[in-house]
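> Below is upload.pdb; it holds PDB, C-alpha atoms, pLDDT in the B column.
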```pdb
ATOM      1  CA  VAL D  23     -19.750  19.687  -6.436  1.00 71.00           C
ATOM      2  CA  ALA D  24     -16.439  19.175  -8.193  1.00 87.00           C
ATOM      3  CA  GLY D  25     -14.182  22.200  -7.987  1.00 89.00           C
ATOM      4  CA  ALA D  26     -16.741  24.842  -7.007  1.00 90.00           C
ATOM      5  CA  GLY D  27     -14.938  28.032  -6.025  1.00 93.00           C
ATOM      6  CA  VAL D  28     -11.606  26.843  -7.465  1.00 96.00           C
ATOM      7  CA  ARG D  29      -9.714  28.669 -10.209  1.00 97.00           C
ATOM      8  CA  ILE D  30      -7.462  26.545 -12.395  1.00 97.00           C
ATOM      9  CA  ALA D  31      -4.937  28.314 -14.607  1.00 98.00           C
ATOM     10  CA  VAL D  32      -4.065  26.317 -17.711  1.00 97.00           C
ATOM     11  CA  LEU D  33      -0.711  27.516 -19.071  1.00 97.00           C
ATOM     12  CA  ASP D  34      -0.453  25.922 -22.486  1.00 95.00           C
ATOM     13  CA  SER D  35      -1.250  26.512 -26.170  1.00 94.00           C
ATOM     14  CA  GLY D  36      -4.432  28.466 -25.442  1.00 95.00           C
ATOM     15  CA  ILE D  37      -8.004  27.285 -25.887  1.00 96.00           C
ATOM     16  CA  ASP D  38     -10.450  26.899 -28.746  1.00 94.00           C
ATOM     17  CA  LEU D  39     -12.735  29.824 -27.969  1.00 92.00           C
ATOM     18  CA  ALA D  40     -15.437  28.391 -30.253  1.00 91.00           C
ATOM     19  CA  HIS D  41     -15.525  25.009 -28.495  1.00 90.00           C
ATOM     20  CA  PRO D  42     -19.045  24.443 -27.151  1.00 88.00           C
ATOM     21  CA  ASP D  43     -17.776  23.034 -23.849  1.00 87.00           C
ATOM     22  CA  PHE D  44     -16.277  26.417 -22.927  1.00 88.00           C
ATOM     23  CA  ARG D  45     -19.057  28.821 -23.948  1.00 80.00           C
ATOM     24  CA  ASP D  46     -20.858  28.898 -20.606  1.00 78.00           C
ATOM     25  CA  GLY D  47     -18.733  31.430 -18.738  1.00 84.00           C
ATOM     26  CA  ARG D  48     -16.325  28.728 -17.554  1.00 88.00           C
ATOM     27  CA  ILE D  49     -13.369  30.959 -18.570  1.00 95.00           C
ATOM     28  CA  ALA D  50     -12.864  33.589 -15.869  1.00 96.00           C
ATOM     29  CA  ALA D  51      -9.834  35.314 -17.423  1.00 97.00           C
ATOM     30  CA  GLN D  52      -7.475  34.939 -20.348  1.00 97.00           C
ATOM     31  CA  ALA D  53      -4.152  36.373 -21.500  1.00 97.00           C
ATOM     32  CA  ALA D  54      -1.696  35.638 -24.295  1.00 97.00           C
ATOM     33  CA  PHE D  55       2.036  35.566 -23.582  1.00 95.00           C
ATOM     34  CA  ALA D  56       2.963  34.020 -26.951  1.00 92.00           C
ATOM     35  CA  GLY D  57       1.652  34.012 -30.500  1.00 83.00           C
ATOM     36  CA  GLN D  58      -0.319  36.571 -32.452  1.00 82.00           C
ATOM     37  CA  GLY D  59      -3.972  35.540 -32.142  1.00 75.00           C
ATOM     38  CA  GLY D  60      -4.863  36.084 -28.512  1.00 93.00           C
ATOM     39  CA  VAL D  61      -5.514  32.872 -26.592  1.00 95.00           C
ATOM     40  CA  GLN D  62      -6.978  30.964 -29.545  1.00 94.00           C
ATOM     41  CA  ASP D  63      -5.467  27.456 -29.553  1.00 93.00           C
ATOM     42  CA  GLY D  64      -3.593  27.093 -32.817  1.00 87.00           C
ATOM     43  CA  SER D  65      -1.701  23.924 -31.984  1.00 87.00           C
ATOM     44  CA  ALA D  66      -2.072  20.998 -34.367  1.00 86.00           C
ATOM     45  CA  ASP D  67      -3.455  18.736 -31.638  1.00 88.00           C
ATOM     46  CA  SER D  68      -5.481  21.331 -29.678  1.00 91.00           C
ATOM     47  CA  HIS D  69      -3.273  20.569 -26.678  1.00 92.00           C
ATOM     48  CA  GLY D  70      -4.339  23.495 -24.517  1.00 93.00           C
ATOM     49  CA  THR D  71      -8.028  22.893 -25.205  1.00 93.00           C
ATOM     50  CA  ALA D  72      -7.631  19.220 -24.254  1.00 92.00           C
ATOM     51  CA  CYS D  73      -5.789  20.140 -21.038  1.00 93.00           C
ATOM     52  CA  ALA D  74      -8.501  22.653 -20.094  1.00 95.00           C
ATOM     53  CA  GLY D  75     -11.138  19.988 -20.721  1.00 92.00           C
ATOM     54  CA  ILE D  76      -9.394  17.406 -18.576  1.00 91.00           C
ATOM     55  CA  ALA D  77      -9.031  19.913 -15.736  1.00 93.00           C
ATOM     56  CA  ALA D  78     -12.480  21.514 -15.875  1.00 91.00           C
ATOM     57  CA  GLY D  79     -14.587  20.107 -18.695  1.00 86.00           C
ATOM     58  CA  PRO D  80     -18.332  20.369 -18.106  1.00 84.00           C
ATOM     59  CA  ARG D  81     -20.459  17.857 -16.262  1.00 80.00           C
ATOM     60  CA  ARG D  82     -22.589  17.485 -19.403  1.00 76.00           C
ATOM     61  CA  PRO D  83     -20.542  17.987 -22.574  1.00 73.00           C
ATOM     62  CA  TYR D  84     -22.218  19.525 -25.624  1.00 76.00           C
ATOM     63  CA  ASP D  85     -22.255  16.181 -27.453  1.00 77.00           C
ATOM     64  CA  GLY D  86     -24.094  14.408 -24.640  1.00 77.00           C
ATOM     65  CA  GLY D  87     -21.092  12.239 -23.776  1.00 74.00           C
ATOM     66  CA  CYS D  88     -19.725  11.397 -20.355  1.00 72.00           C
ATOM     67  CA  ARG D  89     -18.348  13.960 -17.946  1.00 69.00           C
ATOM     68  CA  TYR D  90     -14.639  14.283 -18.570  1.00 77.00           C
ATOM     69  CA  GLY D  91     -13.439  17.203 -16.465  1.00 84.00           C
ATOM     70  CA  VAL D  92     -11.934  16.389 -13.075  1.00 88.00           C
ATOM     71  CA  ALA D  93     -13.277  19.628 -11.576  1.00 92.00           C
ATOM     72  CA  SER D  94     -16.305  20.449 -13.710  1.00 89.00           C
ATOM     73  CA  ASP D  95     -17.424  23.353 -11.505  1.00 91.00           C
ATOM     74  CA  ALA D  96     -14.041  25.102 -11.445  1.00 94.00           C
ATOM     75  CA  ARG D  97     -13.417  28.330 -13.353  1.00 95.00           C
ATOM     76  CA  LEU D  98     -10.581  28.502 -15.879  1.00 97.00           C
ATOM     77  CA  LEU D  99      -7.821  31.048 -16.298  1.00 98.00           C
ATOM     78  CA  ILE D 100      -6.314  30.543 -19.754  1.00 98.00           C
ATOM     79  CA  ALA D 101      -2.747  31.650 -20.450  1.00 97.00           C
ATOM     80  CA  LYS D 102      -1.318  31.030 -23.905  1.00 96.00           C
ATOM     81  CA  VAL D 103       2.407  30.437 -23.411  1.00 95.00           C
ATOM     82  CA  MET D 104       3.123  28.277 -26.459  1.00 92.00           C
ATOM     83  CA  GLU D 105       3.504  29.369 -30.046  1.00 91.00           C
ATOM     84  CA  ASP D 106       1.300  27.530 -32.540  1.00 88.00           C
ATOM     85  CA  ASN D 107       4.372  25.509 -33.594  1.00 88.00           C
ATOM     86  CA  GLY D 108       4.682  24.119 -30.053  1.00 85.00           C
ATOM     87  CA  ARG D 109       7.627  26.233 -28.929  1.00 88.00           C
ATOM     88  CA  CYS D 110       7.640  27.904 -25.554  1.00 88.00           C
ATOM     89  CA  ASN D 111      10.222  29.826 -23.629  1.00 85.00           C
ATOM     90  CA  SER D 112      10.602  29.752 -19.889  1.00 86.00           C
ATOM     91  CA  PHE D 113      10.276  33.541 -19.558  1.00 89.00           C
ATOM     92  CA  ALA D 114       6.742  33.489 -21.036  1.00 91.00           C
ATOM     93  CA  LEU D 115       5.835  30.664 -18.660  1.00 93.00           C
ATOM     94  CA  GLU D 116       7.200  32.521 -15.648  1.00 92.00           C
ATOM     95  CA  ILE D 117       5.380  35.761 -16.513  1.00 94.00           C
ATOM     96  CA  ALA D 118       2.147  33.844 -17.187  1.00 95.00           C
ATOM     97  CA  SER D 119       2.461  32.105 -13.811  1.00 95.00           C
ATOM     98  CA  ALA D 120       2.695  35.458 -12.046  1.00 94.00           C
ATOM     99  CA  TRP D 121      -0.333  36.706 -14.029  1.00 97.00           C
ATOM    100  CA  ALA D 122      -2.319  33.602 -13.027  1.00 97.00           C
ATOM    101  CA  VAL D 123      -1.551  34.078  -9.335  1.00 96.00           C
ATOM    102  CA  ARG D 124      -2.593  37.744  -9.542  1.00 95.00           C
ATOM    103  CA  ALA D 125      -5.812  36.610 -11.283  1.00 97.00           C
ATOM    104  CA  GLY D 126      -6.649  34.411  -8.299  1.00 96.00           C
ATOM    105  CA  ALA D 127      -5.482  30.969  -9.422  1.00 97.00           C
ATOM    106  CA  ASP D 128      -5.586  28.203  -6.856  1.00 97.00           C
ATOM    107  CA  ILE D 129      -3.941  25.694  -9.193  1.00 97.00           C
ATOM    108  CA  LEU D 130      -1.513  26.158 -12.082  1.00 97.00           C
ATOM    109  CA  SER D 131      -1.605  23.382 -14.666  1.00 96.00           C
ATOM    110  CA  ILE D 132       1.514  23.267 -16.856  1.00 95.00           C
ATOM    111  CA  SER D 133       1.564  20.424 -19.382  1.00 90.00           C
ATOM    112  CA  LEU D 134       4.896  21.240 -20.935  1.00 87.00           C
ATOM    113  CA  GLY D 135       8.486  21.074 -19.875  1.00 82.00           C
ATOM    114  CA  PHE D 136      12.075  21.953 -20.618  1.00 77.00           C
ATOM    115  CA  GLU D 137      15.015  19.541 -20.717  1.00 71.00           C
ATOM    116  CA  ARG D 138      17.653  19.362 -18.022  1.00 59.00           C
ATOM    117  CA  ALA D 139      20.699  17.241 -17.424  1.00 51.00           C
ATOM    118  CA  ARG D 140      20.143  14.185 -15.222  1.00 52.00           C
ATOM    119  CA  ASP D 141      22.260  15.367 -12.305  1.00 51.00           C
ATOM    120  CA  ALA D 142      21.722  19.118 -12.703  1.00 54.00           C
ATOM    121  CA  GLN D 143      20.047  21.118  -9.993  1.00 57.00           C
ATOM    122  CA  PRO D 144      16.538  22.391 -10.746  1.00 59.00           C
ATOM    123  CA  GLY D 145      16.760  25.385 -13.047  1.00 76.00           C
ATOM    124  CA  VAL D 146      15.837  28.978 -12.524  1.00 81.00           C
ATOM    125  CA  LEU D 147      12.263  28.392 -13.721  1.00 84.00           C
ATOM    126  CA  ALA D 148      11.680  25.502 -11.314  1.00 83.00           C
ATOM    127  CA  ARG D 149      13.071  27.533  -8.395  1.00 85.00           C
ATOM    128  CA  SER D 150      10.992  30.554  -9.335  1.00 88.00           C
ATOM    129  CA  LEU D 151       7.767  28.555  -9.533  1.00 89.00           C
ATOM    130  CA  SER D 152       8.560  26.790  -6.268  1.00 88.00           C
ATOM    131  CA  ARG D 153       8.923  30.187  -4.575  1.00 89.00           C
ATOM    132  CA  LEU D 154       5.637  31.304  -6.129  1.00 90.00           C
ATOM    133  CA  ALA D 155       3.887  28.175  -4.821  1.00 91.00           C
ATOM    134  CA  ARG D 156       5.175  28.699  -1.279  1.00 91.00           C
ATOM    135  CA  ARG D 157       4.557  32.414  -1.125  1.00 93.00           C
ATOM    136  CA  PHE D 158       1.054  32.431  -2.591  1.00 93.00           C
ATOM    137  CA  ARG D 159      -0.029  28.955  -1.493  1.00 94.00           C
ATOM    138  CA  VAL D 160      -0.939  27.716  -4.963  1.00 96.00           C
ATOM    139  CA  LEU D 161      -0.626  24.168  -6.219  1.00 95.00           C
ATOM    140  CA  ILE D 162       1.546  23.930  -9.308  1.00 95.00           C
ATOM    141  CA  VAL D 163       1.127  20.752 -11.330  1.00 95.00           C
ATOM    142  CA  ALA D 164       3.608  20.230 -14.184  1.00 92.00           C
ATOM    143  CA  ALA D 165       4.395  17.540 -16.731  1.00 90.00           C
ATOM    144  CA  ALA D 166       7.386  15.404 -15.796  1.00 86.00           C
ATOM    145  CA  GLY D 167       7.907  14.457 -19.431  1.00 80.00           C
ATOM    146  CA  ASN D 168       6.615  11.735 -21.680  1.00 71.00           C
ATOM    147  CA  GLY D 169       9.345   9.170 -21.199  1.00 64.00           C
ATOM    148  CA  ASP D 170      11.648  10.436 -23.929  1.00 59.00           C
ATOM    149  CA  PRO D 171      14.109   7.532 -24.333  1.00 55.00           C
ATOM    150  CA  THR D 172      16.915   9.902 -25.379  1.00 54.00           C
ATOM    151  CA  ARG D 173      16.804  11.943 -22.158  1.00 55.00           C
ATOM    152  CA  GLU D 174      16.812  11.113 -18.489  1.00 60.00           C
ATOM    153  CA  GLY D 175      15.414  13.007 -15.554  1.00 70.00           C
ATOM    154  CA  ILE D 176      12.340  15.071 -14.880  1.00 79.00           C
ATOM    155  CA  LYS D 177      11.846  18.177 -16.986  1.00 82.00           C
ATOM    156  CA  GLN D 178      11.613  21.725 -15.691  1.00 84.00           C
ATOM    157  CA  PRO D 179       9.511  23.058 -14.043  1.00 87.00           C
ATOM    158  CA  ALA D 180       8.260  19.686 -12.726  1.00 86.00           C
ATOM    159  CA  ASN D 181      11.625  19.200 -11.029  1.00 83.00           C
ATOM    160  CA  GLY D 182      10.958  22.075  -8.620  1.00 85.00           C
ATOM    161  CA  ARG D 183      10.700  21.275  -4.916  1.00 86.00           C
ATOM    162  CA  GLN D 184       7.212  22.748  -4.538  1.00 90.00           C
ATOM    163  CA  VAL D 185       5.878  21.500  -7.876  1.00 89.00           C
ATOM    164  CA  LEU D 186       3.757  18.369  -8.249  1.00 92.00           C
ATOM    165  CA  ALA D 187       5.256  16.362 -11.136  1.00 89.00           C
ATOM    166  CA  VAL D 188       2.805  14.276 -13.166  1.00 90.00           C
ATOM    167  CA  GLY D 189       3.792  11.663 -15.729  1.00 84.00           C
ATOM    168  CA  ALA D 190       1.976   9.532 -18.266  1.00 73.00           C
ATOM    169  CA  LEU D 191       2.636   6.216 -19.920  1.00 67.00           C
TER     170      LEU D 191
END
```
As structure tokens, what does this structure read like?

Amino acid sequence: VAGAGVRIAVLDSGIDLAHPDFRDGRIAAQAAFAGQGGVQDGSADSHGTACAGIAAGPRRPYDGGCRYGVASDARLLIAKVMEDNGRCNSFALEIASAWAVRAGADILSISLGFERARDAQPGVLARSLSRLARRFRVLIVAAAGNGDPTREGIKQPANGRQVLAVGAL
């Protein structure tokens, strides 16, 4: 059983509430901290919906394809922290993180990040989320960045001491 009893909070652009893979009660709670339309994913690439699917997509997707969720039996907590244009501010992310912990999240999945200077100390957001992870014993997984050739260093909040940074090639 993959993820049974686990609650994964996806802090992103929301979720497509009409998507057949998420109609079965998989979403335990939802809240919008950005935008106007609740948690409905309005991003051009359905980023939040894709992230929710990777974390906890069903064992048998609606189209009959292969299982694609890492923890298909986990419940989702959806927090919309990004505007439909892709912008996000760190305050919305911090407030959403606190909401997710209060809603019983075991894992916070944050697939976005904020720039920082190469030699700068982790920012306020990274420190705040690291404290949250320690105090409430939650795993926070955040995007390190996508290898932007014009910047160096790991983005916030992935640069926090108690945050698991994940990168992609």
> Provide the CA of Gly75 (chain D) to CA of Val146 (chain D) distance in Å, to one decimal place.
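Atom-to-atom, CA of Gly75 (chain D) to CA of Val146 (chain D), that is 29.6 Å.
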> Running the PyMOL selection byres ((chain D and resi 92) around 12) on this model by hand, what would come out? Give it as a PyMOL selection string.
chain D and resi 23-26+28+30+73-81+88-91+93-96
> Since I can't run it myself right now, could you work out what the PyMOL selection byres ((chain D and resi 172-186) around 12) selects here and report it as a PDB file with C-alpha atoms, in the coordinates of the input?

```pdb
ATOM      1  CA  ASN D 111      10.222  29.826 -23.629  1.00 85.00           C
ATOM      2  CA  SER D 112      10.602  29.752 -19.889  1.00 86.00           C
ATOM      3  CA  PHE D 113      10.276  33.541 -19.558  1.00 89.00           C
ATOM      4  CA  LEU D 115       5.835  30.664 -18.660  1.00 93.00           C
ATOM      5  CA  GLU D 116       7.200  32.521 -15.648  1.00 92.00           C
ATOM      6  CA  SER D 119       2.461  32.105 -13.811  1.00 95.00           C
ATOM      7  CA  ILE D 129      -3.941  25.694  -9.193  1.00 97.00           C
ATOM      8  CA  LEU D 130      -1.513  26.158 -12.082  1.00 97.00           C
ATOM      9  CA  SER D 131      -1.605  23.382 -14.666  1.00 96.00           C
ATOM     10  CA  ILE D 132       1.514  23.267 -16.856  1.00 95.00           C
ATOM     11  CA  SER D 133       1.564  20.424 -19.382  1.00 90.00           C
ATOM     12  CA  LEU D 134       4.896  21.240 -20.935  1.00 87.00           C
ATOM     13  CA  GLY D 135       8.486  21.074 -19.875  1.00 82.00           C
ATOM     14  CA  PHE D 136      12.075  21.953 -20.618  1.00 77.00           C
ATOM     15  CA  GLU D 137      15.015  19.541 -20.717  1.00 71.00           C
ATOM     16  CA  ARG D 138      17.653  19.362 -18.022  1.00 59.00           C
ATOM     17  CA  ALA D 139      20.699  17.241 -17.424  1.00 51.00           C
ATOM     18  CA  ARG D 140      20.143  14.185 -15.222  1.00 52.00           C
ATOM     19  CA  ASP D 141      22.260  15.367 -12.305  1.00 51.00           C
ATOM     20  CA  ALA D 142      21.722  19.118 -12.703  1.00 54.00           C
ATOM     21  CA  GLN D 143      20.047  21.118  -9.993  1.00 57.00           C
ATOM     22  CA  PRO D 144      16.538  22.391 -10.746  1.00 59.00           C
ATOM     23  CA  GLY D 145      16.760  25.385 -13.047  1.00 76.00           C
ATOM     24  CA  VAL D 146      15.837  28.978 -12.524  1.00 81.00           C
ATOM     25  CA  LEU D 147      12.263  28.392 -13.721  1.00 84.00           C
ATOM     26  CA  ALA D 148      11.680  25.502 -11.314  1.00 83.00           C
ATOM     27  CA  ARG D 149      13.071  27.533  -8.395  1.00 85.00           C
ATOM     28  CA  SER D 150      10.992  30.554  -9.335  1.00 88.00           C
ATOM     29  CA  LEU D 151       7.767  28.555  -9.533  1.00 89.00           C
ATOM     30  CA  SER D 152       8.560  26.790  -6.268  1.00 88.00           C
ATOM     31  CA  ARG D 153       8.923  30.187  -4.575  1.00 89.00           C
ATOM     32  CA  LEU D 154       5.637  31.304  -6.129  1.00 90.00           C
ATOM     33  CA  ALA D 155       3.887  28.175  -4.821  1.00 91.00           C
ATOM     34  CA  ARG D 156       5.175  28.699  -1.279  1.00 91.00           C
ATOM     35  CA  ARG D 157       4.557  32.414  -1.125  1.00 93.00           C
ATOM     36  CA  PHE D 158       1.054  32.431  -2.591  1.00 93.00           C
ATOM     37  CA  ARG D 159      -0.029  28.955  -1.493  1.00 94.00           C
ATOM     38  CA  VAL D 160      -0.939  27.716  -4.963  1.00 96.00           C
ATOM     39  CA  LEU D 161      -0.626  24.168  -6.219  1.00 95.00           C
ATOM     40  CA  ILE D 162       1.546  23.930  -9.308  1.00 95.00           C
ATOM     41  CA  VAL D 163       1.127  20.752 -11.330  1.00 95.00           C
ATOM     42  CA  ALA D 164       3.608  20.230 -14.184  1.00 92.00           C
ATOM     43  CA  ALA D 165       4.395  17.540 -16.731  1.00 90.00           C
ATOM     44  CA  ALA D 166       7.386  15.404 -15.796  1.00 86.00           C
ATOM     45  CA  GLY D 167       7.907  14.457 -19.431  1.00 80.00           C
ATOM     46  CA  ASN D 168       6.615  11.735 -21.680  1.00 71.00           C
ATOM     47  CA  GLY D 169       9.345   9.170 -21.199  1.00 64.00           C
ATOM     48  CA  ASP D 170      11.648  10.436 -23.929  1.00 59.00           C
ATOM     49  CA  PRO D 171      14.109   7.532 -24.333  1.00 55.00           C
ATOM     50  CA  ALA D 187       5.256  16.362 -11.136  1.00 89.00           C
ATOM     51  CA  VAL D 188       2.805  14.276 -13.166  1.00 90.00           C
ATOM     52  CA  GLY D 189       3.792  11.663 -15.729  1.00 84.00           C
TER      53      GLY D 189
END
```
> The PyMOL selection byres ((chain D and resi 69) around 12) on the file shown: which residues, as a PyMOL selection string?
chain D and resi 32-38+62-68+70-76+102-108+132-134
> Please measure the separation of CA of Arg97 (chain D) and CA of Cys110 (chain D), giving the value in Å to one decimal.
24.3 Å
> How many Å separate CA of Arg48 (chain D) from CA of Leu99 (chain D)?
8.9 Å
> Between D:Ala190, D:Val61, D:Ala114, D:Ile49, single out the one closest to Ala31 (chain D), counting only C-alpha atoms.
D:Ile49
> Restricting the calculation to only C-alpha atoms, which member of D:Gly27, D:His41, D:Asp85, D:Ala101 is positioned closest to Ala54 (chain D)?
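Closest residue, counting only C-alpha atoms: D:Ala101.
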> As lines of an AutoDock Vina configuration file, please report the centre and edge lengths, rounded to one decimal in Å, of the axis-aligned box that holds all listed atoms of region 124-128 of chain D with 6 Å of padding on each of the six sides.

```
center_x = -4.6
center_y = 33.0
center_z = -9.1
size_x = 16.1
size_y = 21.5
size_z = 16.4
```
> When you get a chance, write out all heavy atoms for region 149-159 of chain D, as a short mmCIF file (atom, residue, chain, number, x, y, z; two decimals), keeping the file's coordinate frame.

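Ended up saving to rebuild.cif:
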```
data_model
loop_
_atom_site.label_atom_id
_atom_site.label_comp_id
_atom_site.auth_asym_id
_atom_site.auth_seq_id
_atom_site.Cartn_x
_atom_site.Cartn_y
_atom_site.Cartn_z
N ARG D 149 12.90 26.83 -9.68
CA ARG D 149 13.07 27.53 -8.40
C ARG D 149 12.09 28.69 -8.27
O ARG D 149 11.49 28.90 -7.22
CB ARG D 149 14.51 28.01 -8.23
CG ARG D 149 15.50 26.88 -7.96
CD ARG D 149 16.85 27.41 -7.49
NE ARG D 149 17.43 28.40 -8.35
CZ ARG D 149 18.26 28.15 -9.36
NH1 ARG D 149 18.61 26.91 -9.64
NH2 ARG D 149 18.76 29.13 -10.08
N SER D 150 11.91 29.42 -9.35
CA SER D 150 10.99 30.55 -9.34
C SER D 150 9.56 30.10 -9.07
O SER D 150 8.85 30.70 -8.26
CB SER D 150 11.07 31.29 -10.67
OG SER D 150 10.14 32.32 -10.73
N LEU D 151 9.13 29.05 -9.74
CA LEU D 151 7.77 28.56 -9.53
C LEU D 151 7.60 27.95 -8.15
O LEU D 151 6.53 28.07 -7.54
CB LEU D 151 7.39 27.55 -10.62
CG LEU D 151 7.24 28.14 -12.03
CD1 LEU D 151 6.80 27.07 -13.00
CD2 LEU D 151 6.29 29.32 -12.05
N SER D 152 8.63 27.33 -7.63
CA SER D 152 8.56 26.79 -6.27
C SER D 152 8.38 27.92 -5.26
O SER D 152 7.59 27.81 -4.32
CB SER D 152 9.81 25.97 -5.95
OG SER D 152 9.80 24.77 -6.68
N ARG D 153 9.10 29.03 -5.46
CA ARG D 153 8.92 30.19 -4.58
C ARG D 153 7.51 30.74 -4.69
O ARG D 153 6.89 31.11 -3.68
CB ARG D 153 9.95 31.27 -4.91
CG ARG D 153 11.33 31.01 -4.33
CD ARG D 153 12.22 32.25 -4.42
NE ARG D 153 12.43 32.71 -5.77
CZ ARG D 153 13.38 32.28 -6.60
NH1 ARG D 153 14.23 31.36 -6.19
NH2 ARG D 153 13.50 32.77 -7.81
N LEU D 154 6.99 30.81 -5.89
CA LEU D 154 5.64 31.30 -6.13
C LEU D 154 4.62 30.42 -5.40
O LEU D 154 3.70 30.93 -4.75
CB LEU D 154 5.36 31.30 -7.63
CG LEU D 154 4.12 32.01 -8.13
CD1 LEU D 154 4.31 33.52 -8.04
CD2 LEU D 154 3.86 31.61 -9.57
N ALA D 155 4.80 29.11 -5.48
CA ALA D 155 3.89 28.18 -4.82
C ALA D 155 3.89 28.38 -3.31
O ALA D 155 2.83 28.39 -2.68
CB ALA D 155 4.27 26.74 -5.17
N ARG D 156 5.08 28.51 -2.73
CA ARG D 156 5.18 28.70 -1.28
C ARG D 156 4.57 30.03 -0.86
O ARG D 156 3.80 30.10 0.10
CB ARG D 156 6.63 28.63 -0.83
CG ARG D 156 7.17 27.25 -0.63
CD ARG D 156 8.50 27.25 0.10
NE ARG D 156 9.45 28.23 -0.39
CZ ARG D 156 10.32 28.03 -1.40
NH1 ARG D 156 10.34 26.88 -2.02
NH2 ARG D 156 11.16 28.97 -1.76
N ARG D 157 4.96 31.08 -1.54
CA ARG D 157 4.56 32.41 -1.12
C ARG D 157 3.05 32.64 -1.25
O ARG D 157 2.44 33.25 -0.38
CB ARG D 157 5.31 33.46 -1.94
CG ARG D 157 4.97 34.86 -1.53
CD ARG D 157 5.86 35.86 -2.18
NE ARG D 157 5.49 37.20 -1.74
CZ ARG D 157 5.84 38.29 -2.36
NH1 ARG D 157 6.60 38.21 -3.42
NH2 ARG D 157 5.45 39.45 -1.91
N PHE D 158 2.46 32.16 -2.34
CA PHE D 158 1.05 32.43 -2.59
C PHE D 158 0.14 31.23 -2.35
O PHE D 158 -1.05 31.30 -2.61
CB PHE D 158 0.87 32.97 -4.02
CG PHE D 158 1.53 34.30 -4.20
CD1 PHE D 158 2.77 34.39 -4.81
CD2 PHE D 158 0.92 35.45 -3.74
CE1 PHE D 158 3.39 35.62 -4.97
CE2 PHE D 158 1.54 36.69 -3.89
CZ PHE D 158 2.78 36.77 -4.50
N ARG D 159 0.73 30.15 -1.86
CA ARG D 159 -0.03 28.96 -1.49
C ARG D 159 -0.90 28.44 -2.64
O ARG D 159 -2.10 28.23 -2.49
CB ARG D 159 -0.84 29.21 -0.24
CG ARG D 159 0.05 29.61 0.95
CD ARG D 159 -0.73 29.90 2.19
NE ARG D 159 -1.52 28.78 2.65
CZ ARG D 159 -1.08 27.80 3.45
NH1 ARG D 159 0.15 27.81 3.86
NH2 ARG D 159 -1.88 26.83 3.81
#
```
